[in-house]
Number of protein chains: 2
Amino acid sequence: MMKLPGKTVERLSEYRRTLLECLNEKRNFIFSHDLAARLHITAVQVRRDLMLIGYSSVLRKGYDVRELIDTIGKIIDSEESMNVAVIGIGNLGRAVAGYFKGKRSKLNLVASFDNDPQKVNRVISGVKCYPYTDIERMIKELDIRIAILTVPPDFAREITEETVRFGIKGILNFTTIPLNVPSGVYLEEYDMITSIEKVAYFVKENKIY
Amino acid sequence: MMKLPGKTVERLSEYRRTLLECLNEKRNFIFSHDLAARLHITAVQVRRDLMLIGYSSVLRKGYDVRELIDTIGKIIDSEESMNVAVIGIGNLGRAVAGYFKGKRSKLNLVASFDNDPQKVNRVISGVKCYPYTDIERMIKELDIRIAILTVPPDFAREITEETVRFGIKGILNFTTIPLNVPSGVYLEEYDMITSIEKVAYFVKENKIY
DNA sequence: AAGCCAATGTTAATAATTTAACAATAATCA
DNA sequence: TGATTATTGTTAAATTATTAACATTGGCTT
């Protein structure tokens, strides 16, 4: 399987999320245009993405929800499950940890890290919290591949450098500090202020006050 | 000023954030390639975006940091400040509220909403929390234009319908439920699971275990 | 002060992404 | 059963976004 465009990967994740909702609703089949409508995109987009991953429905009663969930999993999930840690278990860190609960998928949240003595060595939002001094040991012991960074900005660069040195291969950075990582490490950054400012801009431009 | 592409708006927000960091570092001028490097994009991208907003540096000693911050503000901020509310003041809601603290900009977080009796009528992360029953009154009284949605998924659709009915013009949806809003209301959605799955996918594809 | 250098603004080219168009085909129904 | 409809997979076109190319210009050097 050729490497997919990032945009397509994102949508596949969204398709799966939506399909799982369908299962909840006891819907076993879904048309491309239904799936599209739920995600505010076009049916062509859906069909094209599924084409890219080589999925065919055969039936004309829409896609088999369960089957498609599986197919998407085969593409975007890793063979065995991958371990994840949240670094900085403040409000955002706990929110992230909460999102993992009850979520299927091959991603296991196996640890969090923080320095607050109130938190260290306790289970918070379902994950054990370790002190930063244990980070090297735990990354190796638990085979952690992905770090979700929710630390205060001042601390972001330092901790990133460490996690990378200790073997982390992917970072999702929620801090406001842009990071630099060596090649071979995948970095995804998200700044919620940017999203809010974007909303504000388009609200302003609509001028429907 | 013509309406800008969403991508450019996002980058402008990021430019400003970076420029504010520059001020912290007592840097008063910055070259396009410096700014670009900090954000992992190209210098051409920066120059092109600035061209779009009609900014010229005149100097060849880089952009005047303060001036550029102002210019970006003139483009992406609204004339008077715009009021924002966080709906659902759980972990994620508190994290969002925390991000607002110490942030300049024309966006004021003026309220949060929740139904937990532990939270209602108290100040949490710097904002007063109101019960959902007050939502109509407060949106109008405080002239709230933007809602940041951080409620449990089951509640997302219902509360969205209400906020829109009561006059909200922009929604940033952090829940896992895709929303539908009438035209005239701007909707931005972000699902952190998608980001994490994207990271996992590219880690897997790199295959540098 | 003349000439070089470095950085900019802008147009043109390229690449990526989305959308449109349409042929193919299973399901439906007269 | 045969025609019709609805939906799919896929190629081609259009759009959007990024990058390259380059002329311009202020500053610096000698």
# chains A, B, ... in the order shown; residues from 1 in each chain; ligands from 1
>>> closest_atom_pairs(of="chain D", to="chain A", cutoff="9 Å", atoms="only C-alpha atoms (C1' of nucleotides)", output="Markdown table")
| residue | atom | partner | partner_atom | distance |
| --- | --- | --- | --- | --- |
| D:DA6 | C1' | A:Arg60 | CA | 8.1 |
| D:DT7 | C1' | A:Arg60 | CA | 5.9 |
| D:DT8 | C1' | A:Arg60 | CA | 7.2 |
| D:DG9 | C1' | A:Met51 | CA | 7.1 |
| D:DT10 | C1' | A:Arg48 | CA | 8.5 |
>>> write_last_selection(atoms="all heavy atoms", output="tab-separated table (two decimals), in the first residue's frame")
chain	number	residue	atom	x	y	z
D	6	DA	P	-33.82	7.29	-8.64
D	6	DA	OP1	-34.77	7.84	-7.66
D	6	DA	OP2	-33.18	8.16	-9.63
D	6	DA	O5'	-32.69	6.50	-7.85
D	6	DA	C5'	-32.95	5.21	-7.32
D	6	DA	C4'	-31.64	4.64	-6.81
D	6	DA	O4'	-30.89	4.06	-7.90
D	6	DA	C3'	-30.72	5.69	-6.19
D	6	DA	O3'	-30.14	5.09	-5.05
D	6	DA	C2'	-29.69	5.99	-7.27
D	6	DA	C1'	-29.61	4.65	-7.99
D	6	DA	N9	-29.30	4.76	-9.42
D	6	DA	C8	-29.69	5.73	-10.31
D	6	DA	N7	-29.27	5.54	-11.54
D	6	DA	C5	-28.56	4.35	-11.45
D	6	DA	C6	-27.86	3.59	-12.41
D	6	DA	N6	-27.77	3.93	-13.70
D	6	DA	N1	-27.25	2.45	-12.00
D	6	DA	C2	-27.36	2.11	-10.71
D	6	DA	N3	-27.98	2.73	-9.71
D	6	DA	C4	-28.57	3.85	-10.16
D	7	DT	P	-29.26	5.93	-4.05
D	7	DT	OP1	-29.65	5.49	-2.70
D	7	DT	OP2	-29.27	7.36	-4.41
D	7	DT	O5'	-27.82	5.36	-4.38
D	7	DT	C5'	-27.56	3.97	-4.18
D	7	DT	C4'	-26.25	3.63	-4.84
D	7	DT	O4'	-26.36	3.74	-6.27
D	7	DT	C3'	-25.09	4.56	-4.44
D	7	DT	O3'	-24.11	3.81	-3.78
D	7	DT	C2'	-24.58	5.13	-5.74
D	7	DT	C1'	-25.09	4.11	-6.75
D	7	DT	N1	-25.24	4.65	-8.14
D	7	DT	C2	-24.68	3.96	-9.18
D	7	DT	O2	-24.09	2.90	-9.04
D	7	DT	N3	-24.83	4.54	-10.42
D	7	DT	C4	-25.48	5.72	-10.70
D	7	DT	O4	-25.56	6.14	-11.84
D	7	DT	C5	-26.04	6.41	-9.55
D	7	DT	C7	-26.74	7.72	-9.75
D	7	DT	C6	-25.89	5.85	-8.35
D	8	DT	P	-22.83	4.49	-3.13
D	8	DT	OP1	-22.73	4.05	-1.74
D	8	DT	OP2	-22.82	5.93	-3.47
D	8	DT	O5'	-21.67	3.80	-3.97
D	8	DT	C5'	-21.66	2.39	-4.13
D	8	DT	C4'	-20.97	2.05	-5.43
D	8	DT	O4'	-21.63	2.77	-6.50
D	8	DT	C3'	-19.51	2.49	-5.49
D	8	DT	O3'	-18.66	1.36	-5.36
D	8	DT	C2'	-19.34	3.13	-6.87
D	8	DT	C1'	-20.69	3.00	-7.52
D	8	DT	N1	-21.13	4.21	-8.25
D	8	DT	C2	-20.89	4.27	-9.61
D	8	DT	O2	-20.34	3.38	-10.23
D	8	DT	N3	-21.34	5.42	-10.22
D	8	DT	C4	-22.00	6.48	-9.63
D	8	DT	O4	-22.35	7.45	-10.29
D	8	DT	C5	-22.20	6.35	-8.21
D	8	DT	C7	-22.89	7.45	-7.45
D	8	DT	C6	-21.76	5.23	-7.59
D	9	DG	P	-17.14	1.62	-4.98
D	9	DG	OP1	-16.63	0.37	-4.36
D	9	DG	OP2	-17.03	2.90	-4.26
D	9	DG	O5'	-16.47	1.80	-6.41
D	9	DG	C5'	-16.30	0.66	-7.24
D	9	DG	C4'	-15.59	1.09	-8.51
D	9	DG	O4'	-16.34	2.17	-9.12
D	9	DG	C3'	-14.18	1.62	-8.30
D	9	DG	O3'	-13.37	1.03	-9.32
D	9	DG	C2'	-14.31	3.14	-8.45
D	9	DG	C1'	-15.51	3.29	-9.37
D	9	DG	N9	-16.36	4.46	-9.15
D	9	DG	C8	-16.84	4.95	-7.96
D	9	DG	N7	-17.61	6.00	-8.09
D	9	DG	C5	-17.65	6.22	-9.47
D	9	DG	C6	-18.33	7.22	-10.22
D	9	DG	O6	-19.06	8.14	-9.82
D	9	DG	N1	-18.10	7.08	-11.60
D	9	DG	C2	-17.33	6.09	-12.16
D	9	DG	N2	-17.22	6.10	-13.48
D	9	DG	N3	-16.69	5.15	-11.47
D	9	DG	C4	-16.89	5.28	-10.13
D	10	DT	P	-11.86	1.44	-9.46
D	10	DT	OP1	-11.14	0.37	-10.18
D	10	DT	OP2	-11.38	1.90	-8.15
D	10	DT	O5'	-11.97	2.67	-10.45
D	10	DT	C5'	-12.58	2.47	-11.72
D	10	DT	C4'	-12.36	3.69	-12.60
D	10	DT	O4'	-13.34	4.71	-12.30
D	10	DT	C3'	-10.99	4.37	-12.42
D	10	DT	O3'	-10.54	4.74	-13.69
D	10	DT	C2'	-11.31	5.58	-11.59
D	10	DT	C1'	-12.68	5.94	-12.15
D	10	DT	N1	-13.52	6.80	-11.28
D	10	DT	C2	-14.32	7.75	-11.88
D	10	DT	O2	-14.39	7.89	-13.09
D	10	DT	N3	-15.06	8.51	-11.01
D	10	DT	C4	-15.06	8.43	-9.63
D	10	DT	O4	-15.77	9.17	-8.97
D	10	DT	C5	-14.19	7.43	-9.07
D	10	DT	C7	-14.10	7.26	-7.59
D	10	DT	C6	-13.47	6.68	-9.90
>>> closest_atom_pairs(of="chain C", to="chain A", cutoff="8 Å", atoms="only C-alpha atoms (C1' of nucleotides)", output="CSV")
residue,atom,partner,partner_atom,distance
C:DT18,C1',A:Gln45,CA,7.5
C:DT19,C1',A:Val44,CA,7.6
C:DA26,C1',A:Arg60,CA,5.7
C:DA27,C1',A:Arg60,CA,7.0
>>> interface_residues(of="chain B", to="chain A", cutoff="7 Å", atoms="only C-alpha atoms", output="PDB file with N, CA, C and O atoms, in the first residue's frame")
ATOM      1  N   VAL B   9      -5.413  32.356   6.762  1.00  0.00           N
ATOM      2  CA  VAL B   9      -5.845  32.874   8.063  1.00  0.00           C
ATOM      3  C   VAL B   9      -5.153  32.103   9.183  1.00  0.00           C
ATOM      4  O   VAL B   9      -4.630  32.680  10.132  1.00  0.00           O
ATOM      5  N   GLU B  10      -5.123  30.790   9.039  1.00  0.00           N
ATOM      6  CA  GLU B  10      -4.447  29.988  10.058  1.00  0.00           C
ATOM      7  C   GLU B  10      -2.994  30.409  10.192  1.00  0.00           C
ATOM      8  O   GLU B  10      -2.473  30.571  11.296  1.00  0.00           O
ATOM      9  N   SER B  13      -2.456  33.691  11.988  1.00  0.00           N
ATOM     10  CA  SER B  13      -2.542  33.510  13.436  1.00  0.00           C
ATOM     11  C   SER B  13      -1.231  32.962  13.985  1.00  0.00           C
ATOM     12  O   SER B  13      -0.730  33.404  15.021  1.00  0.00           O
ATOM     13  N   GLU B  14      -0.664  32.022  13.250  1.00  0.00           N
ATOM     14  CA  GLU B  14       0.610  31.435  13.695  1.00  0.00           C
ATOM     15  C   GLU B  14       1.756  32.443  13.591  1.00  0.00           C
ATOM     16  O   GLU B  14       2.641  32.469  14.448  1.00  0.00           O
ATOM     17  N   ARG B  38      10.783  28.933  11.804  1.00  0.00           N
ATOM     18  CA  ARG B  38      10.174  28.657  13.111  1.00  0.00           C
ATOM     19  C   ARG B  38       8.870  27.889  12.978  1.00  0.00           C
ATOM     20  O   ARG B  38       8.423  27.244  13.916  1.00  0.00           O
ATOM     21  N   LEU B  39       8.240  28.009  11.830  1.00  0.00           N
ATOM     22  CA  LEU B  39       6.943  27.354  11.651  1.00  0.00           C
ATOM     23  C   LEU B  39       7.003  26.195  10.664  1.00  0.00           C
ATOM     24  O   LEU B  39       5.964  25.675  10.247  1.00  0.00           O
ATOM     25  N   ILE B  76      -7.090  40.044  10.853  1.00  0.00           N
ATOM     26  CA  ILE B  76      -7.837  38.892  11.377  1.00  0.00           C
ATOM     27  C   ILE B  76      -8.686  39.208  12.601  1.00  0.00           C
ATOM     28  O   ILE B  76      -9.618  38.477  12.896  1.00  0.00           O
ATOM     29  N   ASP B  77      -8.350  40.277  13.317  1.00  0.00           N
ATOM     30  CA  ASP B  77      -9.199  40.610  14.461  1.00  0.00           C
ATOM     31  C   ASP B  77     -10.387  41.438  14.010  1.00  0.00           C
ATOM     32  O   ASP B  77     -10.338  42.114  12.993  1.00  0.00           O
ATOM     33  N   SER B  78     -11.416  41.390  14.818  1.00  0.00           N
ATOM     34  CA  SER B  78     -12.540  42.272  14.537  1.00  0.00           C
ATOM     35  C   SER B  78     -12.259  43.636  15.157  1.00  0.00           C
ATOM     36  O   SER B  78     -11.401  43.785  16.013  1.00  0.00           O
ATOM     37  N   ASN B  91     -12.504  18.930  31.734  1.00  0.00           N
ATOM     38  CA  ASN B  91     -11.061  19.090  31.561  1.00  0.00           C
ATOM     39  C   ASN B  91     -10.705  19.907  30.334  1.00  0.00           C
ATOM     40  O   ASN B  91      -9.886  20.812  30.388  1.00  0.00           O
ATOM     41  N   LEU B  92     -11.341  19.571  29.231  1.00  0.00           N
ATOM     42  CA  LEU B  92     -10.993  20.271  28.006  1.00  0.00           C
ATOM     43  C   LEU B  92     -11.426  21.726  28.074  1.00  0.00           C
ATOM     44  O   LEU B  92     -10.679  22.628  27.685  1.00  0.00           O
ATOM     45  N   ARG B  94     -11.688  23.572  30.672  1.00  0.00           N
ATOM     46  CA  ARG B  94     -10.758  24.312  31.526  1.00  0.00           C
ATOM     47  C   ARG B  94      -9.437  24.555  30.820  1.00  0.00           C
ATOM     48  O   ARG B  94      -8.818  25.606  30.973  1.00  0.00           O
ATOM     49  N   ALA B  95      -9.022  23.578  30.030  1.00  0.00           N
ATOM     50  CA  ALA B  95      -7.781  23.768  29.283  1.00  0.00           C
ATOM     51  C   ALA B  95      -7.924  24.946  28.324  1.00  0.00           C
ATOM     52  O   ALA B  95      -7.049  25.814  28.240  1.00  0.00           O
ATOM     53  N   LYS B 169     -22.669  32.930  16.404  1.00  0.00           N
ATOM     54  CA  LYS B 169     -22.308  33.040  14.984  1.00  0.00           C
ATOM     55  C   LYS B 169     -21.122  32.185  14.587  1.00  0.00           C
ATOM     56  O   LYS B 169     -20.798  32.051  13.404  1.00  0.00           O
ATOM     57  N   GLY B 170     -20.443  31.634  15.558  1.00  0.00           N
ATOM     58  CA  GLY B 170     -19.301  30.778  15.248  1.00  0.00           C
ATOM     59  C   GLY B 170     -19.143  29.705  16.302  1.00  0.00           C
ATOM     60  O   GLY B 170     -19.325  29.962  17.487  1.00  0.00           O
ATOM     61  N   LEU B 172     -16.638  26.434  17.575  1.00  0.00           N
ATOM     62  CA  LEU B 172     -15.468  25.573  17.473  1.00  0.00           C
ATOM     63  C   LEU B 172     -15.819  24.299  18.215  1.00  0.00           C
ATOM     64  O   LEU B 172     -15.975  24.297  19.436  1.00  0.00           O
ATOM     65  N   PRO B 178     -19.908  15.248  14.708  1.00  0.00           N
ATOM     66  CA  PRO B 178     -19.974  16.298  13.683  1.00  0.00           C
ATOM     67  C   PRO B 178     -21.300  17.027  13.799  1.00  0.00           C
ATOM     68  O   PRO B 178     -22.334  16.406  14.000  1.00  0.00           O
ATOM     69  N   GLY B 184     -24.531  31.010   7.602  1.00  0.00           N
ATOM     70  CA  GLY B 184     -24.450  32.230   8.380  1.00  0.00           C
ATOM     71  C   GLY B 184     -23.758  31.970   9.707  1.00  0.00           C
ATOM     72  O   GLY B 184     -23.306  32.890  10.370  1.00  0.00           O
ATOM     73  N   TYR B 186     -20.540  30.029  11.299  1.00  0.00           N
ATOM     74  CA  TYR B 186     -19.299  29.382  10.884  1.00  0.00           C
ATOM     75  C   TYR B 186     -18.937  28.267  11.861  1.00  0.00           C
ATOM     76  O   TYR B 186     -18.926  28.467  13.064  1.00  0.00           O
ATOM     77  N   GLU B 188     -16.173  25.228  12.874  1.00  0.00           N
ATOM     78  CA  GLU B 188     -14.845  24.632  12.737  1.00  0.00           C
ATOM     79  C   GLU B 188     -14.816  23.426  13.661  1.00  0.00           C
ATOM     80  O   GLU B 188     -15.216  23.520  14.811  1.00  0.00           O
ATOM     81  N   THR B 194      -8.446  11.993  15.633  1.00  0.00           N
ATOM     82  CA  THR B 194      -7.974  12.006  14.251  1.00  0.00           C
ATOM     83  C   THR B 194      -6.500  12.384  14.185  1.00  0.00           C
ATOM     84  O   THR B 194      -5.715  11.739  13.485  1.00  0.00           O
ATOM     85  N   ILE B 196      -4.266  12.028  16.488  1.00  0.00           N
ATOM     86  CA  ILE B 196      -3.445  10.959  17.052  1.00  0.00           C
ATOM     87  C   ILE B 196      -3.329   9.805  16.060  1.00  0.00           C
ATOM     88  O   ILE B 196      -2.256   9.257  15.842  1.00  0.00           O
ATOM     89  N   GLU B 197      -4.447   9.475  15.438  1.00  0.00           N
ATOM     90  CA  GLU B 197      -4.406   8.376  14.471  1.00  0.00           C
ATOM     91  C   GLU B 197      -3.533   8.730  13.271  1.00  0.00           C
ATOM     92  O   GLU B 197      -2.871   7.860  12.696  1.00  0.00           O
ATOM     93  N   LYS B 198      -3.529   9.987  12.930  1.00  0.00           N
ATOM     94  CA  LYS B 198      -2.669  10.421  11.831  1.00  0.00           C
ATOM     95  C   LYS B 198      -1.203  10.240  12.207  1.00  0.00           C
ATOM     96  O   LYS B 198      -0.406   9.711  11.428  1.00  0.00           O
ATOM     97  N   VAL B 199      -0.852  10.664  13.389  1.00  0.00           N
ATOM     98  CA  VAL B 199       0.517  10.469  13.854  1.00  0.00           C
ATOM     99  C   VAL B 199       0.870   8.986  13.819  1.00  0.00           C
ATOM    100  O   VAL B 199       1.919   8.593  13.297  1.00  0.00           O
ATOM    101  N   TYR B 201      -0.375   6.632  12.066  1.00  0.00           N
ATOM    102  CA  TYR B 201      -0.242   6.147  10.690  1.00  0.00           C
ATOM    103  C   TYR B 201       1.145   6.469  10.128  1.00  0.00           C
ATOM    104  O   TYR B 201       1.806   5.600   9.561  1.00  0.00           O
ATOM    105  N   PHE B 202       1.592   7.684  10.306  1.00  0.00           N
ATOM    106  CA  PHE B 202       2.865   8.053   9.702  1.00  0.00           C
ATOM    107  C   PHE B 202       4.050   7.459  10.459  1.00  0.00           C
ATOM    108  O   PHE B 202       5.097   7.201   9.864  1.00  0.00           O
ATOM    109  N   VAL B 203       3.865   7.215  11.723  1.00  0.00           N
ATOM    110  CA  VAL B 203       4.901   6.488  12.456  1.00  0.00           C
ATOM    111  C   VAL B 203       5.013   5.080  11.881  1.00  0.00           C
ATOM    112  O   VAL B 203       6.103   4.602  11.569  1.00  0.00           O
ATOM    113  N   LYS B 204       3.874   4.450  11.739  1.00  0.00           N
ATOM    114  CA  LYS B 204       3.854   3.110  11.167  1.00  0.00           C
ATOM    115  C   LYS B 204       4.505   3.093   9.782  1.00  0.00           C
ATOM    116  O   LYS B 204       5.325   2.228   9.478  1.00  0.00           O
ATOM    117  N   ASN B 206       6.639   5.074   8.469  1.00  0.00           N
ATOM    118  CA  ASN B 206       8.079   5.318   8.498  1.00  0.00           C
ATOM    119  C   ASN B 206       8.847   4.023   8.736  1.00  0.00           C
ATOM    120  O   ASN B 206       9.944   3.847   8.235  1.00  0.00           O
ATOM    121  N   ILE B 208      10.514   2.927  11.109  1.00  0.00           N
ATOM    122  CA  ILE B 208      11.830   3.014  11.729  1.00  0.00           C
ATOM    123  C   ILE B 208      11.672   2.612  13.187  1.00  0.00           C
ATOM    124  O   ILE B 208      11.727   3.421  14.093  1.00  0.00           O
TER     125      ILE B 208
END
>>> select_by_dssp(residues="chain B", states="alpha helix (DSSP H)", output="ChimeraX atom specification")
/B:6-24,32-38,43-52,65-76,91-100,135-141,153-165,192-206
>>> select_by_dssp(residues="segment 49-205 of chain B", states="strand (DSSP E or B)", output="number ranges by chain")
B: 63-64, 82-87, 107-113, 123-124, 127-130, 144-149, 170-173, 186-189
>>> residues_around(residues="segment 116-122 of chain A", least_positions_apart="5", cutoff="12 Å", atoms="only C-alpha atoms (C1' of nucleotides)", output="PyMOL selection string")
chain A and resi 88-90+94+111+127-134+151
>>> write_last_selection(atoms="C-alpha atoms", output="PDB file, in the first residue's frame")
ATOM      1  CA  GLY A  88       1.939  16.772  31.153  1.00  0.00           C
ATOM      2  CA  ILE A  89      -1.230  15.671  32.854  1.00  0.00           C
ATOM      3  CA  GLY A  90      -2.876  19.039  33.440  1.00  0.00           C
ATOM      4  CA  ARG A  94      -6.522  14.700  31.324  1.00  0.00           C
ATOM      5  CA  ALA A 111       1.447   6.228  30.792  1.00  0.00           C
ATOM      6  CA  VAL A 127      -3.380   6.180  33.440  1.00  0.00           C
ATOM      7  CA  LYS A 128      -0.497   5.920  35.806  1.00  0.00           C
ATOM      8  CA  CYS A 129       1.500   9.113  36.132  1.00  0.00           C
ATOM      9  CA  TYR A 130       5.283   8.913  36.297  1.00  0.00           C
ATOM     10  CA  PRO A 131       7.761  11.649  37.162  1.00  0.00           C
ATOM     11  CA  TYR A 132       9.838  13.134  34.357  1.00  0.00           C
ATOM     12  CA  THR A 133      12.925  11.532  35.819  1.00  0.00           C
ATOM     13  CA  ASP A 134      11.472   8.163  34.835  1.00  0.00           C
ATOM     14  CA  VAL A 151       3.060  20.538  28.994  1.00  0.00           C
TER      15      VAL A 151
END
>>> residues_around(residues="DC22 of chain D", least_positions_apart="6", cutoff="10 Å", atoms="only C-alpha atoms (C1' of nucleotides)", output="PDB file with C-alpha atoms (C1' of nucleotides), in the first residue's frame")
ATOM      1  C1'  DT C  10       5.156  39.368  -7.559  1.00  0.00           C
ATOM      2  C1'  DT C  11       4.317  36.702 -11.637  1.00  0.00           C
ATOM      3  C1'  DA C  12       4.574  32.282 -13.561  1.00  0.00           C
TER       4       DA C  12
END
>>> closest_residue(among="A:Gly73, A:Asn28, A:Asn108, A:Tyr15", to="Ile41 of chain A", atoms="only C-alpha atoms")
A:Tyr15
